[in-house]
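Asker: Have a peek at coords-v1.cif (mmCIF, C-alpha atoms and all ligand atoms).
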data_model
#
loop_
_atom_site.label_atom_id
_atom_site.label_comp_id
_atom_site.auth_asym_id
_atom_site.auth_seq_id
_atom_site.Cartn_x
_atom_site.Cartn_y
_atom_site.Cartn_z
CA MET A 1 -17.45 -28.56 10.16
CA PRO A 2 -17.67 -24.97 11.44
CA GLU A 3 -21.06 -23.41 10.88
CA THR A 4 -21.44 -21.15 7.83
CA GLN A 5 -21.35 -17.46 8.78
CA HIS A 6 -24.04 -15.29 7.20
CA LEU A 7 -24.31 -11.53 7.10
CA HIS A 8 -27.04 -9.39 5.52
CA ILE A 9 -26.54 -5.66 5.00
CA THR A 10 -29.87 -3.99 4.20
CA ASN A 11 -30.98 -0.53 3.11
CA ALA A 12 -27.60 0.33 1.61
CA THR A 13 -26.66 2.84 -1.07
CA VAL A 14 -24.02 0.79 -2.88
CA LEU A 15 -21.15 2.59 -4.60
CA ASP A 16 -19.90 1.37 -7.95
CA VAL A 17 -16.44 2.88 -8.24
CA ALA A 18 -15.93 1.69 -11.82
CA GLU A 19 -19.15 3.35 -12.99
CA GLY A 20 -18.95 6.28 -10.61
CA SER A 21 -22.53 5.67 -9.52
CA ALA A 22 -24.54 4.87 -6.39
CA SER A 23 -27.75 2.82 -6.12
CA GLY A 24 -30.04 3.06 -3.12
CA GLY A 25 -32.28 0.47 -1.45
CA GLN A 26 -29.76 -2.34 -1.89
CA SER A 27 -28.97 -5.46 0.10
CA ILE A 28 -25.68 -7.33 0.29
CA LEU A 29 -25.58 -10.98 1.31
CA VAL A 30 -22.34 -12.44 2.66
CA GLU A 31 -21.44 -16.06 3.28
CA ASP A 32 -18.19 -17.03 5.02
CA GLY A 33 -16.62 -13.68 4.32
CA VAL A 34 -17.49 -13.55 0.62
CA ILE A 35 -20.25 -11.50 -1.04
CA THR A 36 -22.78 -13.85 -2.62
CA TRP A 37 -25.53 -11.48 -3.74
CA VAL A 38 -26.09 -7.74 -4.29
CA GLY A 39 -29.46 -6.32 -5.35
CA PRO A 40 -32.58 -4.44 -4.30
CA THR A 41 -33.61 -5.24 -0.71
CA ALA A 42 -37.11 -6.09 -2.02
CA ASP A 43 -35.59 -8.89 -4.17
CA VAL A 44 -33.48 -10.66 -1.52
CA PRO A 45 -33.83 -14.37 -2.22
CA THR A 46 -36.11 -15.84 0.45
CA ASP A 47 -34.57 -19.31 0.28
CA ARG A 48 -31.23 -18.13 1.73
CA PRO A 49 -30.46 -17.87 5.43
CA THR A 50 -29.68 -14.24 6.15
CA GLY A 51 -28.05 -14.54 9.60
CA GLU A 52 -26.87 -11.37 11.29
CA THR A 53 -28.34 -8.18 9.80
CA ILE A 54 -26.82 -4.72 9.63
CA ASP A 55 -29.16 -1.91 8.64
CA ALA A 56 -27.09 0.65 6.74
CA GLY A 57 -29.92 3.16 7.17
CA GLY A 58 -29.56 4.41 3.60
CA ARG A 59 -25.86 5.20 4.05
CA PHE A 60 -23.23 4.47 1.44
CA VAL A 61 -21.54 1.08 1.27
CA MET A 62 -18.23 1.05 -0.55
CA PRO A 63 -15.35 -1.38 -0.95
CA GLY A 64 -12.73 -1.35 1.82
CA LEU A 65 -9.74 0.83 1.00
CA ILE A 66 -6.38 -0.48 -0.16
CA ASP A 67 -3.18 1.37 0.71
CA GLY A 68 -0.63 0.33 -1.89
CA HIS A 69 2.48 1.57 -0.08
CA VAL A 70 2.90 1.10 3.66
CA HIS A 71 5.51 -0.09 6.14
CA VAL A 72 3.52 -1.65 8.97
CA THR A 73 6.61 -2.50 11.01
CA ALA A 74 8.01 1.06 10.85
CA ALA A 75 7.63 1.92 14.51
CA THR A 76 9.92 4.95 14.09
CA ALA A 77 11.20 7.05 11.22
CA ASP A 78 14.73 6.16 12.33
CA LEU A 79 14.83 2.84 10.52
CA GLY A 80 18.56 2.47 11.17
CA ALA A 81 17.98 2.47 14.92
CA MET A 82 14.96 0.18 14.58
CA ALA A 83 17.11 -2.52 12.95
CA GLU A 84 18.68 -3.07 16.38
CA TRP A 85 15.44 -3.20 18.35
CA SER A 86 13.96 -6.42 19.66
CA PRO A 87 11.80 -8.01 16.95
CA THR A 88 9.08 -8.73 19.50
CA TYR A 89 8.97 -5.07 20.50
CA VAL A 90 8.68 -4.11 16.82
CA ALA A 91 5.89 -6.66 16.44
CA ALA A 92 3.98 -5.00 19.28
CA HIS A 93 4.23 -1.67 17.44
CA THR A 94 3.20 -3.39 14.22
CA ALA A 95 0.02 -4.71 15.84
CA ARG A 96 -0.92 -1.24 17.00
CA ASN A 97 -0.13 0.36 13.62
CA MET A 98 -2.23 -2.17 11.74
CA LYS A 99 -5.22 -1.91 14.04
CA ALA A 100 -5.26 1.84 13.50
CA MET A 101 -5.03 1.40 9.71
CA LEU A 102 -8.01 -0.96 9.72
CA HIS A 103 -10.04 1.51 11.76
CA ARG A 104 -9.23 4.19 9.17
CA GLY A 105 -10.95 1.98 6.59
CA PHE A 106 -7.93 0.27 5.04
CA THR A 107 -8.91 -3.37 4.83
CA THR A 108 -5.88 -4.34 2.71
CA VAL A 109 -2.35 -2.96 2.69
CA ARG A 110 0.58 -3.69 0.44
CA ASP A 111 3.71 -3.60 2.55
CA VAL A 112 6.79 -2.71 0.53
CA ALA A 113 9.56 -3.41 3.06
CA GLY A 114 9.38 -4.75 6.57
CA ALA A 115 6.34 -6.98 6.88
CA ASP A 116 6.97 -10.68 6.48
CA PHE A 117 5.03 -13.93 6.53
CA GLY A 118 4.77 -13.73 10.32
CA VAL A 119 2.88 -10.44 10.20
CA ALA A 120 0.53 -11.76 7.50
CA MET A 121 -0.08 -14.98 9.47
CA ALA A 122 -0.78 -13.09 12.69
CA VAL A 123 -3.53 -11.15 10.90
CA GLU A 124 -4.93 -14.20 9.16
CA GLU A 125 -5.13 -16.11 12.44
CA GLY A 126 -6.74 -13.16 14.22
CA LEU A 127 -3.80 -12.59 16.58
CA PHE A 128 -3.39 -9.06 15.21
CA GLU A 129 -6.45 -7.01 14.31
CA GLY A 130 -5.49 -5.41 11.03
CA PRO A 131 -5.84 -5.21 7.26
CA ARG A 132 -4.98 -8.10 4.96
CA VAL A 133 -1.24 -7.81 4.43
CA VAL A 134 0.28 -8.27 1.00
CA PHE A 135 3.99 -8.39 1.81
CA GLY A 136 7.38 -8.47 0.14
CA GLY A 137 9.64 -9.18 3.11
CA LYS A 138 12.83 -7.14 3.14
CA ALA A 139 13.69 -4.68 0.38
CA LEU A 140 16.82 -5.34 -1.66
CA SER A 141 19.41 -2.58 -1.64
CA GLN A 142 22.96 -2.22 -2.88
CA SER A 143 25.73 -1.17 -0.47
CA GLY A 144 25.23 2.51 0.21
CA GLY A 145 21.75 2.31 -1.26
CA HIS A 146 18.39 3.35 0.13
CA GLY A 147 18.06 0.17 2.20
CA ASP A 148 21.54 0.43 3.70
CA MET A 149 21.04 2.15 7.04
CA ARG A 150 24.68 2.14 8.16
CA ALA A 151 26.27 5.45 9.00
CA MET A 152 29.36 6.38 6.98
CA GLY A 153 31.59 5.38 9.87
CA SER A 154 30.22 1.87 10.09
CA SER A 155 31.15 -1.11 7.97
CA THR A 156 29.37 -3.89 9.80
CA LEU A 157 25.92 -5.16 9.02
CA ASP A 158 23.85 -7.80 10.76
CA PRO A 159 22.17 -9.68 7.93
CA HIS A 160 20.04 -11.94 10.12
CA GLN A 161 16.57 -12.37 8.64
CA CYS A 162 14.98 -11.84 12.05
CA CYS A 163 16.56 -8.44 12.75
CA PRO A 164 13.82 -5.87 12.22
CA SER A 165 15.68 -4.06 9.44
CA ILE A 166 13.44 -3.29 6.49
CA GLY A 167 16.18 -3.94 3.95
CA ILE A 168 18.79 -6.46 2.96
CA VAL A 169 22.08 -5.33 1.42
CA CYS A 170 23.31 -7.33 -1.56
CA ASP A 171 25.83 -6.63 -4.32
CA GLY A 172 26.43 -8.50 -7.56
CA VAL A 173 24.10 -10.61 -9.64
CA ASP A 174 24.51 -13.78 -7.58
CA ALA A 175 23.93 -12.08 -4.22
CA VAL A 176 20.96 -10.14 -5.56
CA ARG A 177 19.46 -13.29 -7.04
CA LYS A 178 19.88 -15.13 -3.75
CA ALA A 179 18.32 -12.28 -1.78
CA ALA A 180 15.30 -12.29 -4.12
CA ARG A 181 14.95 -16.05 -3.80
CA ASP A 182 15.16 -15.77 -0.01
CA GLN A 183 12.22 -13.37 0.04
CA LEU A 184 10.23 -15.53 -2.40
CA ARG A 185 11.02 -18.59 -0.26
CA THR A 186 9.13 -16.95 2.60
CA GLY A 187 6.05 -16.29 0.50
CA ALA A 188 6.72 -12.74 -0.71
CA HIS A 189 4.02 -11.40 -3.02
CA HIS A 190 6.47 -9.03 -4.68
CA ILE A 191 10.16 -8.11 -4.53
CA LYS A 192 11.00 -4.56 -3.53
CA ILE A 193 14.23 -3.09 -4.83
CA MET A 194 15.83 0.30 -4.40
CA LEU A 195 16.36 1.88 -7.83
CA SER A 196 17.46 5.27 -6.56
CA GLY A 197 18.46 7.13 -3.44
CA GLY A 198 15.87 8.18 -0.91
CA VAL A 199 15.04 10.32 2.05
CA ALA A 200 15.23 7.97 5.05
CA SER A 201 18.68 6.53 4.20
CA PRO A 202 21.76 8.22 5.64
CA THR A 203 24.41 8.02 2.91
CA ASP A 204 22.86 8.10 -0.57
CA ARG A 205 21.87 10.90 -2.93
CA VAL A 206 18.24 11.16 -4.07
CA ASP A 207 19.46 11.62 -7.67
CA SER A 208 21.59 8.46 -7.72
CA THR A 209 20.65 5.35 -9.63
CA GLN A 210 21.10 2.12 -7.71
CA PHE A 211 21.88 -1.46 -8.76
CA SER A 212 23.43 -2.27 -12.12
CA GLU A 213 21.26 -3.22 -15.07
CA SER A 214 22.31 -6.85 -14.77
CA GLU A 215 21.37 -6.90 -11.06
CA ILE A 216 17.93 -5.43 -11.78
CA LEU A 217 17.37 -7.90 -14.63
CA ALA A 218 18.28 -10.78 -12.30
CA VAL A 219 15.64 -9.72 -9.75
CA VAL A 220 13.02 -9.27 -12.47
CA GLU A 221 13.85 -12.73 -13.79
CA GLU A 222 13.54 -14.33 -10.33
CA ALA A 223 10.23 -12.60 -9.62
CA GLU A 224 8.78 -13.57 -12.98
CA ALA A 225 9.91 -17.16 -12.52
CA SER A 226 7.72 -17.26 -9.40
CA ASN A 227 4.85 -15.40 -11.06
CA ARG A 228 5.58 -12.44 -8.86
CA TYR A 229 6.74 -8.95 -9.79
CA VAL A 230 9.26 -6.30 -8.86
CA CYS A 231 8.37 -2.95 -7.31
CA GLY A 232 11.03 -0.29 -7.36
CA HIS A 233 11.65 2.73 -5.18
CA ALA A 234 12.64 5.60 -7.49
CA TYR A 235 12.37 9.39 -7.66
CA THR A 236 14.09 10.75 -10.74
CA ALA A 237 13.04 10.18 -14.34
CA ARG A 238 16.47 8.66 -14.95
CA ALA A 239 15.94 5.99 -12.26
CA VAL A 240 12.25 5.44 -13.05
CA ASN A 241 12.73 5.05 -16.81
CA ARG A 242 15.67 2.71 -16.34
CA GLY A 243 13.60 0.51 -14.02
CA LEU A 244 10.59 0.47 -16.33
CA ARG A 245 12.75 -0.51 -19.33
CA LEU A 246 14.23 -3.39 -17.33
CA GLY A 247 10.83 -4.82 -16.38
CA VAL A 248 9.99 -3.29 -12.98
CA ARG A 249 6.18 -3.39 -12.72
CA SER A 250 5.44 -0.73 -10.15
CA ILE A 251 7.30 2.47 -9.39
CA GLU A 252 7.08 3.70 -5.81
CA HIS A 253 7.06 7.52 -5.34
CA GLY A 254 8.11 8.70 -8.85
CA ASN A 255 8.11 12.36 -7.78
CA LEU A 256 10.46 13.53 -10.53
CA ILE A 257 9.12 11.68 -13.58
CA ASP A 258 9.07 13.21 -17.07
CA ASP A 259 6.99 12.74 -20.23
CA GLU A 260 9.18 9.86 -21.32
CA SER A 261 8.33 8.10 -18.04
CA VAL A 262 4.62 8.53 -18.74
CA GLY A 263 5.07 6.93 -22.18
CA LEU A 264 7.00 4.02 -20.67
CA PHE A 265 4.40 3.41 -17.93
CA VAL A 266 1.65 3.21 -20.54
CA GLU A 267 3.68 1.09 -22.98
CA LYS A 268 4.68 -1.43 -20.27
CA GLY A 269 1.33 -1.42 -18.44
CA ALA A 270 3.26 -0.48 -15.29
CA TYR A 271 1.84 1.17 -12.17
CA LEU A 272 2.78 4.38 -10.37
CA VAL A 273 2.34 4.46 -6.60
CA PRO A 274 2.79 8.07 -5.41
CA THR A 275 3.12 8.67 -1.66
CA LEU A 276 2.55 12.39 -1.25
CA ILE A 277 1.45 12.69 2.38
CA THR A 278 4.76 11.37 3.60
CA TYR A 279 6.70 14.42 2.35
CA GLU A 280 4.21 16.82 3.86
CA ARG A 281 4.61 15.10 7.22
CA LEU A 282 8.39 14.62 6.99
CA LYS A 283 8.62 18.35 6.56
CA ALA A 284 6.20 19.11 9.42
CA ASP A 285 7.20 16.56 12.04
CA GLY A 286 10.04 14.41 10.73
CA GLU A 287 12.32 15.54 13.52
CA ALA A 288 9.88 14.66 16.29
CA ALA A 289 9.22 11.28 14.63
CA GLY A 290 12.91 10.37 14.76
CA LEU A 291 14.05 11.25 11.24
CA PRO A 292 17.76 12.12 11.34
CA ALA A 293 18.92 15.57 10.14
CA ALA A 294 20.68 14.21 7.04
CA SER A 295 17.35 12.78 5.91
CA ARG A 296 15.30 15.87 6.69
CA GLU A 297 17.46 17.93 4.34
CA LYS A 298 16.50 15.68 1.43
CA VAL A 299 12.76 16.21 1.80
CA ASP A 300 12.65 19.51 -0.09
CA THR A 301 14.02 17.93 -3.24
CA VAL A 302 10.96 15.75 -3.66
CA LEU A 303 8.19 17.55 -1.78
CA HIS A 304 7.00 20.01 -4.40
CA ALA A 305 7.48 17.88 -7.49
CA GLY A 306 5.23 15.07 -6.24
CA LEU A 307 1.85 16.61 -6.98
CA GLU A 308 2.99 17.74 -10.41
CA ALA A 309 4.15 14.17 -11.16
CA LEU A 310 0.76 12.77 -10.15
CA ASP A 311 -0.99 15.27 -12.40
CA ARG A 312 1.30 14.45 -15.33
CA ALA A 313 0.81 10.70 -14.90
CA ASN A 314 -2.96 11.05 -14.44
CA LYS A 315 -3.36 13.11 -17.59
CA GLY A 316 -1.16 10.66 -19.50
CA GLY A 317 -3.34 7.65 -18.63
CA VAL A 318 -0.90 5.91 -16.25
CA LYS A 319 -2.37 3.31 -13.88
CA ILE A 320 -2.14 5.00 -10.50
CA VAL A 321 -2.35 3.35 -7.09
CA PHE A 322 -2.98 4.96 -3.70
CA GLY A 323 0.02 4.92 -1.33
CA THR A 324 1.20 6.74 1.79
CA ASP A 325 4.62 5.51 3.03
CA LEU A 326 4.33 7.05 6.50
CA LEU A 327 6.80 6.03 9.19
CA GLY A 328 6.51 5.94 12.98
CA ALA A 329 4.18 8.39 14.68
CA MET A 330 3.40 10.03 11.32
CA GLN A 331 1.19 7.06 10.37
CA ILE A 332 -1.84 8.73 11.96
CA HIS A 333 -1.97 11.01 8.89
CA GLN A 334 -2.55 8.13 6.45
CA SER A 335 -6.00 9.30 5.31
CA GLN A 336 -4.72 12.78 4.45
CA GLU A 337 -3.45 11.37 1.15
CA PHE A 338 -7.07 11.64 -0.10
CA ARG A 339 -7.06 15.39 0.51
CA ILE A 340 -3.78 15.91 -1.35
CA ARG A 341 -4.71 13.84 -4.40
CA ALA A 342 -8.07 15.57 -4.76
CA GLN A 343 -6.13 18.67 -5.82
CA VAL A 344 -5.28 17.09 -9.18
CA GLN A 345 -7.56 14.04 -9.59
CA THR A 346 -11.33 13.62 -9.67
CA ALA A 347 -13.01 11.87 -6.75
CA GLN A 348 -13.62 8.81 -8.90
CA GLU A 349 -9.98 8.69 -10.01
CA VAL A 350 -8.75 8.82 -6.41
CA LEU A 351 -11.24 6.13 -5.37
CA ARG A 352 -10.20 3.91 -8.25
CA SER A 353 -6.57 4.14 -7.15
CA ALA A 354 -7.47 2.97 -3.63
CA THR A 355 -9.76 0.15 -4.79
CA LEU A 356 -9.89 -1.22 -8.37
CA THR A 357 -6.40 -0.32 -9.59
CA ALA A 358 -4.74 -1.33 -6.34
CA ALA A 359 -6.55 -4.68 -6.48
CA GLU A 360 -5.30 -5.17 -10.03
CA LEU A 361 -1.71 -4.42 -9.01
CA ILE A 362 -1.77 -7.05 -6.25
CA GLY A 363 -3.47 -9.62 -8.46
CA LEU A 364 -6.77 -9.65 -6.57
CA GLU A 365 -8.99 -8.11 -9.22
CA GLY A 366 -12.63 -9.03 -8.59
CA LYS A 367 -11.77 -10.16 -5.03
CA LEU A 368 -10.95 -6.73 -3.63
CA GLY A 369 -11.98 -3.19 -4.48
CA VAL A 370 -15.54 -4.00 -5.56
CA VAL A 371 -18.94 -4.61 -3.98
CA ALA A 372 -19.98 -7.58 -6.10
CA PRO A 373 -20.65 -11.30 -5.81
CA GLY A 374 -17.42 -13.28 -5.49
CA ALA A 375 -15.51 -10.45 -3.77
CA PHE A 376 -14.31 -10.56 -0.18
CA ALA A 377 -16.79 -8.76 2.06
CA ASP A 378 -14.37 -5.95 2.89
CA LEU A 379 -16.76 -3.03 3.14
CA LEU A 380 -17.12 0.42 4.61
CA ILE A 381 -20.38 2.05 5.62
CA VAL A 382 -19.90 5.80 5.14
CA ASN A 383 -22.08 8.79 5.97
CA ARG A 384 -21.21 10.83 2.90
CA ASN A 385 -20.68 9.95 -0.73
CA PRO A 386 -16.93 9.97 -1.49
CA LEU A 387 -17.74 9.98 -5.23
CA ASP A 388 -19.05 13.52 -4.68
CA ASP A 389 -16.15 14.60 -2.50
CA VAL A 390 -13.31 12.14 -1.86
CA THR A 391 -11.80 14.35 0.84
CA VAL A 392 -14.47 13.07 3.24
CA LEU A 393 -12.24 9.99 3.55
CA ALA A 394 -9.48 12.21 4.94
CA ASP A 395 -11.58 12.39 8.12
CA PRO A 396 -12.37 8.74 8.81
CA ASP A 397 -13.70 9.33 12.34
CA ALA A 398 -16.45 11.58 11.01
CA THR A 399 -17.13 9.71 7.76
CA ILE A 400 -16.80 5.98 8.38
CA SER A 401 -19.54 4.54 10.56
CA ALA A 402 -18.55 0.88 10.17
CA VAL A 403 -15.66 -1.20 8.86
CA ILE A 404 -16.37 -4.77 7.79
CA LYS A 405 -13.51 -7.10 6.93
CA GLY A 406 -14.09 -10.60 5.61
CA GLY A 407 -17.77 -10.34 6.57
CA GLN A 408 -16.93 -9.45 10.20
CA LEU A 409 -17.83 -6.13 11.73
CA VAL A 410 -14.65 -4.53 13.10
CA GLY A 411 -15.10 -3.56 16.76
CA THR A 412 -14.73 0.09 17.69
ZN ZN B 1 10.79 4.33 -0.96
ZN ZN B 2 8.30 3.14 1.41
#
If you convert what's in this file into structure tokens, what do you get?
Ligand code: ZN
Ligand code: ZN
Answerer:
Amino acid sequence: MPETQHLHITNATVLDVAEGSASGGQSILVEDGVITWVGPTADVPTDRPTGETIDAGGRFVMPGLIDGHVHVTAATADLGAMAEWSPTYVAAHTARNMKAMLHRGFTTVRDVAGADFGVAMAVEEGLFEGPRVVFGGKALSQSGGHGDMRAMGSSTLDPHQCCPSIGIVCDGVDAVRKAARDQLRTGAHHIKIMLSGGVASPTDRVDSTQFSESEILAVVEEAEASNRYVCGHAYTARAVNRGLRLGVRSIEHGNLIDDESVGLFVEKGAYLVPTLITYERLKADGEAAGLPAASREKVDTVLHAGLEALDRANKGGVKIVFGTDLLGAMQIHQSQEFRIRAQVQTAQEVLRSATLTAAELIGLEGKLGVVAPGAFADLLIVNRNPLDDVTVLADPDATISAVIKGGQLVGT
């Protein structure tokens, strides 16, 4: 039997994101990576072994951050080219990307195309230093859809599961059903589908709708059969509303939603995962990061509408999750999403989206996103209170003094 690991964090000001409050003079006891006790340092039970102690020195202790929309394998913004790279080379990039994310305070990420069971296992076994990875395998796309990276002049496609493409092309109910089952077979936590055109794909229009209703229903049925859910990439209200009506549980991006979308989100209990930083960066350095010209031209369509969509959804009571969607070298700007969202949401609302609501979306409510007994000890020690000003998290080097994942202090 391996020895039980104990950790005791003393003298902490613990943030309660749900309440929007902070209490000083607290201690947190951790046993085998799980929080067992939180309370005043003076009241720490004396009958428990405390093990290693970290003195927070009065600083704030908050739950580790969750990024609800990442692509950890996206070593370049040219995803079409990456599909032909060596998978081991892509894995090396993935390891580096994930380590950097963890050091920015993201202790869990939801990967919505690219990461597979191998990436998640590598983290779990400590081979890669990185956040917990909630993965969906490859995204499902129709021919000519957002996950189809072929140029117009190409008709061939290498469908091998081990090619580092982030998508799988499938057409017709049977093929779509099989593709969904293939992702579920490898342990996918969700199925990602492309409901509309996008920026990084070479041949589709942003305002298109993708997949037929019967194809979407088939994926939703397969996901629900496995107690999983479908997340859908969509920009326009037309594509978003269609997906929500057909049972898609989370909408990725949603930059061009309307009031009807807001009503549908609330009625269905669905989630919106905006990814605003990615458009800012695609505009600024998409070219240098490898984004082809055809893709760069599409950025303008969605750039300006995104913040307005977030505001509309927030005011309408939609469940909102933090996401970033950065590709390649642009991933270093991940934390800037906090700065952008603070323009239309309160600090507490932004924090909720990166903790409580994200945990709810991935089915780990009570385990992630809270500092409470029974939760994983994924914690950040921060110098300033992000409930007062959430933009402090946009500068993780200055703000975060320690990252703890599963009760283990992450090395600097
Ligand atoms: Zn997308
Ligand atoms: Zn994405």
Asker: What's the 12 Å shell around A:Thr13, counting all atoms listed in the file, without same-chain residues fewer than 5 positions away, as a list in words?
Answerer: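 Residues meeting the cut-off are Ser21, Ala22, Ser23, Gly24, Gly25, Gln26, Ser27, Ile28, Val38, Gly39, Pro40, Thr41, Asp55, Ala56, Gly57, Gly58, Arg59, Phe60, Val61, Met62, Val371, Leu380, Ile381, Val382, Asn383, Arg384 and Asn385 of chain A.
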Asker: For a quick check of understanding, using all atoms listed in the file, which of A:Val410, A:Val112, A:Ile66, A:Ala120 has the smallest distance to A:Thr357?
Answerer: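 Nearest candidate to A:Thr357 out of A:Val410, A:Val112, A:Ile66, A:Ala120: A:Ile66.
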Asker: Set the cut-off to 12 Å, count all atoms listed in the file, and list whatever residues fall near ligand ZN 2 (chain B) as a PyMOL selection string.
Answerer: chain A and resi 67-74+77+79+110-115+136+138-139+146-147+166-167+192-194+197-201+231-235+251-254+273-279+323-327
Asker: I'd like the contact shell of stretch 203-205 of chain A - 9 Å cut-off, all atoms listed in the file, skipping same-chain residues fewer than 5 positions apart - returned as a PyMOL selection string.
Answerer: chain A and resi 144-146+148-152+196-198+294+298
Asker: Using C-alpha atoms, can you export the residues from the last selection as an mmCIF file, in the coordinates of the input?
Answerer:
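Output (again.cif):
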data_model
loop_
_atom_site.group_PDB
_atom_site.id
_atom_site.type_symbol
_atom_site.label_atom_id
_atom_site.label_comp_id
_atom_site.auth_asym_id
_atom_site.auth_seq_id
_atom_site.Cartn_x
_atom_site.Cartn_y
_atom_site.Cartn_z
ATOM 1 C CA GLY A 144 25.230 2.510 0.210
ATOM 2 C CA GLY A 145 21.750 2.310 -1.260
ATOM 3 C CA HIS A 146 18.390 3.350 0.130
ATOM 4 C CA ASP A 148 21.540 0.430 3.700
ATOM 5 C CA MET A 149 21.040 2.150 7.040
ATOM 6 C CA ARG A 150 24.680 2.140 8.160
ATOM 7 C CA ALA A 151 26.270 5.450 9.000
ATOM 8 C CA MET A 152 29.360 6.380 6.980
ATOM 9 C CA SER A 196 17.460 5.270 -6.560
ATOM 10 C CA GLY A 197 18.460 7.130 -3.440
ATOM 11 C CA GLY A 198 15.870 8.180 -0.910
ATOM 12 C CA ALA A 294 20.680 14.210 7.040
ATOM 13 C CA LYS A 298 16.500 15.680 1.430
#
Asker: Which residues, written as number ranges by chain, have at least one atom at most 8 Å from A:Phe338, with only C-alpha atoms counted and residues fewer than 3 positions away on the same chain left out?
Answerer: A: 335, 341-342, 350, 390-391, 393-394
Asker: With distances taken over all atoms listed in the file, which residue among A:Glu280, A:Tyr271, A:Ser143, A:Ala122 lies nearest A:Leu157?
Answerer: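 Checking each candidate against A:Leu157, we get A:Ser143 as the closest.
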Asker: Take atom CA of A:Ala359 and atom CA of A:Gly407 and report the distance between them in Å, one decimal.
Answerer: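 According to the coordinates, atom CA of A:Ala359 and atom CA of A:Gly407 are separated by 18.1 Å.
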Asker: Pick out the closest residue to ligand ZN 1 (chain B) from this set: A:Val302, A:Gly366, A:Val44, A:Gly64. Count only C-alpha atoms and all ligand atoms.
Answerer: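 Residue with the minimum atom-to-atom distance to ligand ZN 1 (chain B): A:Val302.
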Asker: For A:Leu65, which of A:Pro131, A:Pro202, A:Gly187, A:Pro292 is the closest residue, counting only C-alpha atoms?
Answerer: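 Nearest to A:Leu65: A:Pro131.
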Asker: Tell me which residues come within 10 Å of (12.4, -5.2, 12.6), as a VMD selection string, counting only C-alpha atoms in the file's coordinates.
Answerer: chain A and resid 73 to 75 79 to 91 94 114 to 116 138 161 to 167
Asker: Calculate how many Å separate atom CA of A:Ser250 from atom CA of A:Leu361, rounding to one decimal.
Answerer: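 Separation of atom CA of A:Ser250 and atom CA of A:Leu361: 8.1 Å.
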Asker: Write a file for stretch 281-320 of chain A of the given structure; include C-alpha atoms and format it as a tab-separated table (two decimals), in the first residue's frame.
Answerer:
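Writing done, so here's result.tsv:
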chain	number	residue	atom	x	y	z
A	281	ARG	CA	-4.99	36.94	-31.81
A	282	LEU	CA	-5.96	35.57	-35.23
A	283	LYS	CA	-6.24	39.16	-36.34
A	284	ALA	CA	-2.94	40.21	-34.74
A	285	ASP	CA	-0.69	37.25	-35.47
A	286	GLY	CA	-2.62	34.61	-37.39
A	287	GLU	CA	-0.27	34.86	-40.33
A	288	ALA	CA	2.87	34.35	-38.26
A	289	ALA	CA	1.21	31.41	-36.47
A	290	GLY	CA	0.59	29.61	-39.76
A	291	LEU	CA	-3.04	30.52	-40.47
A	292	PRO	CA	-3.61	30.43	-44.24
A	293	ALA	CA	-4.84	33.59	-46.03
A	294	ALA	CA	-8.28	32.14	-46.81
A	295	SER	CA	-8.82	31.69	-43.08
A	296	ARG	CA	-7.52	35.11	-42.07
A	297	GLU	CA	-10.13	36.78	-44.26
A	298	LYS	CA	-12.91	35.13	-42.25
A	299	VAL	CA	-11.81	36.53	-38.91
A	300	ASP	CA	-13.48	39.91	-39.33
A	301	THR	CA	-16.91	38.36	-39.68
A	302	VAL	CA	-16.84	37.05	-36.13
A	303	LEU	CA	-14.38	39.29	-34.30
A	304	HIS	CA	-16.60	42.21	-33.35
A	305	ALA	CA	-19.82	40.33	-32.72
A	306	GLY	CA	-18.31	38.06	-30.06
A	307	LEU	CA	-18.31	40.45	-27.13
A	308	GLU	CA	-21.84	41.58	-27.91
A	309	ALA	CA	-22.96	37.93	-27.96
A	310	LEU	CA	-21.39	37.31	-24.55
A	311	ASP	CA	-23.15	40.37	-23.14
A	312	ARG	CA	-26.49	39.30	-24.61
A	313	ALA	CA	-26.16	35.76	-23.23
A	314	ASN	CA	-24.97	36.98	-19.83
A	315	LYS	CA	-27.89	39.37	-19.43
A	316	GLY	CA	-30.30	36.64	-20.56
A	317	GLY	CA	-29.17	34.20	-17.86
A	318	VAL	CA	-27.39	31.69	-20.13
A	319	LYS	CA	-24.91	29.32	-18.47
A	320	ILE	CA	-21.56	30.57	-19.72
